[in-house]
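Worksheet for the structure shown next.
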Amino acid sequence: MVTSTTDPIEAAASTSRTGAAPAGCLPLKLGLVIPTLCEAENIGGLLKHVRAVLDPLEIHYEILVVDDDSADGTGDVVSAIALNDPRVRLIVRKGERGLSGAVLDGWRQTNADVLGVMDADLQHPPELLPRLFEAVSEGNDMAIGSRYTPGGELGGWNLWRKLLSAAAVWVTWPLQRRRARAKDPMSGYFMVRRASVEGIGFQRTGFKLLLEVLVRARLESVKEVPFAFGLRYRGASKANFQVAWEYARLLSKLYAGKFGFRRSPEPGLRAGR
């Protein structure tokens, strides 16, 4: 199913898009967003893997691939899969880039109770999804795939990259609340209850949505689940100077907000279909 974010966002639906959850299912529905930009080589295998992991859980879920109008055929791969599985949806964004905005657009297009995100480059192991969902279904407001909690690993990063990452985490410590503090606020692999983020206007630009959610969302409990950060299977990394610049801008806005210098809020998150 192909959807463009230029269409109006519908009001929250009272029932799910594909009907009631099957008998025996957990009551929570998962809406998992996978942002893509030129991931044609990875996305087909990833969608197969994710569904193979989630299906045995017998939960109600949908996967929303939010593609930034890739020129490599990413959308065609997803469309072909979606024809045979209505739980897979394609959302194509025109004239816009940015990981955070893609995730937020995906979340707006689902009425799921639990909102999730993972990368398309196979660096986030799908096998962790059941543990993340279980952590939320047990009552936590958020579950994070963490490289810094005991048992987590950074993979094949060199010393310089590890030091930069550690510094980026360290500067977030004063921003985070004690009751909902995370060791890996830079992770791009997490799930959160919709009720915790509904109506909050998060920044659309940038690549570190989790940090803003930790600082601004209504969170009482956060659980970190360790995982080993994998190597990109195919394609090129999106990490560049722009990522660092957008992170610096986000930090400045969050610190300004914490110390009383307010700015005009972004439109709040609302459920779609």
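By order in the structure tokens, chains are A, B, ...; within a chain, residues start at 1; ligands start at 1, following the order shown.
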**Asked** Counting only C-alpha atoms, what is within 7 Å of stretch 81-87 of chain A, bar same-chain residues fewer than 3 positions away, as an MDAnalysis selection string?
**Response** chainID A and resid 1 61:63 77:78
I need the chosen residues saved as a short mmCIF file (atom, residue, chain, number, x, y, z; two decimals), in the first residue's frame, with C-alpha atoms.
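What landed in selection-v6.cif:
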data_model
loop_
_atom_site.label_atom_id
_atom_site.label_comp_id
_atom_site.auth_asym_id
_atom_site.auth_seq_id
_atom_site.Cartn_x
_atom_site.Cartn_y
_atom_site.Cartn_z
CA MET A 1 0.00 0.00 0.00
CA TYR A 61 1.26 -5.32 14.18
CA GLU A 62 2.02 -3.33 11.06
CA ILE A 63 5.30 -2.27 9.48
CA VAL A 77 10.61 -3.58 -3.46
CA VAL A 78 8.34 -2.61 -0.58
#
**Message:** Which residues are near A:Thr172? Cut-off 8 Å, only C-alpha atoms, ignore same chain within fewer than 2 positions. Put them as a list in words.
**Reply:**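 Close residues of A:Thr172: Ala168, Val169, Trp170, Pro174, Leu175, Gln176, Pro185, Leu211 and Leu251 of chain A.
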Using only C-alpha atoms, please write the residues we just selected to a file, as a CSV table (one decimal), in the first residue's frame.
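Final output, saved to part14.csv:
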chain,number,residue,atom,x,y,z
A,168,ALA,CA,27.7,12.6,22.7
A,169,VAL,CA,26.0,10.5,25.4
A,170,TRP,CA,27.8,12.4,28.2
A,174,PRO,CA,22.0,16.9,32.5
A,175,LEU,CA,19.0,16.9,30.2
A,176,GLN,CA,17.6,13.5,31.1
A,185,PRO,CA,20.0,8.0,24.4
A,211,LEU,CA,16.9,11.9,23.0
A,251,LEU,CA,21.1,19.8,22.0
**Request:** From a DSSP pass on the backbone, collect the residues of stretch 44-171 of chain A flagged as strand (DSSP E) and hand them back as a PyMOL selection string.
**Result:** chain A and resi 60-67+88-92+114-117+142-146
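Within stretch 33-78 of chain A, DSSP applied to the backbone places the following residues in helix (DSSP H, G or I): Ala40, Glu41, Asn42, Ile43, Gly44, Gly45, Leu46, Leu47, Lys48, His49, Val50, Arg51, Ala52, Val53, Leu54, Asp55, Pro56, Leu57, Thr74, Gly75, Asp76, Val77 and Val78 of chain A.
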**Prompt:** A:Ile43, A:Leu219, A:Ala80, A:Leu104: which is nearest A:Gly139, counting only C-alpha atoms?
**Reply:**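 The answer is A:Leu219, which sits nearest to A:Gly139.
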Distance table requested - stretch 159-198 of chain A against stretch 143-150 of chain A, cut-off 8 Å, only C-alpha atoms: one row per qualifying residue with the closest atom pair and its distance in Å to one decimal, ordered by chain and rising residue number, as JSON lines.
{"residue": "A:Lys183", "atom": "CA", "partner": "A:Tyr148", "partner_atom": "CA", "distance": 5.8}
{"residue": "A:Asp184", "atom": "CA", "partner": "A:Ser146", "partner_atom": "CA", "distance": 5.5}
{"residue": "A:Ser187", "atom": "CA", "partner": "A:Ser146", "partner_atom": "CA", "distance": 6.5}
{"residue": "A:Gly188", "atom": "CA", "partner": "A:Gly145", "partner_atom": "CA", "distance": 7.9}
{"residue": "A:Tyr189", "atom": "CA", "partner": "A:Gly145", "partner_atom": "CA", "distance": 5.3}
{"residue": "A:Phe190", "atom": "CA", "partner": "A:Ile144", "partner_atom": "CA", "distance": 4.3}
{"residue": "A:Met191", "atom": "CA", "partner": "A:Ala143", "partner_atom": "CA", "distance": 5.3}
{"residue": "A:Val192", "atom": "CA", "partner": "A:Ala143", "partner_atom": "CA", "distance": 6.5}
**Request:** Have a look at atom CA of A:Gln123 and atom CA of A:Val50 and let me know their distance in Å, one decimal.
**Result:** 12.9 Å
**Message:** Would you compute the distance between atom CA of A:Leu269 and atom CA of A:Val197? Give it in Å to one decimal.
**Reply:** 7.0 Å
**Asked** What does the distance between atom CA of A:Asp105 and atom CA of A:Gln242 come to in Å, to one decimal place?
**Response**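 Going from atom CA of A:Asp105 over to atom CA of A:Gln242, I get 20.6 Å.
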**Asked** Could you pull the residues within 7 Å of A:Gly230, counting only C-alpha atoms, minus those fewer than 2 positions along the same chain, as a ChimeraX atom specification?
**Response** /A:123-124,155,228,232
**Request:** Go through A:Ile34, A:Pro130, A:Ile59, A:Ala135 and flag the residue nearest A:Ile91, using only C-alpha atoms for the distances.
**Result:**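 That would be A:Ile34, the residue with the smallest distance to A:Ile91.
With only C-alpha atoms as the basis for measurement, A:Gly116 is the residue among A:Gly116, A:Gly260, A:Gly44, A:Gly152 that approaches A:Leu210 most closely.
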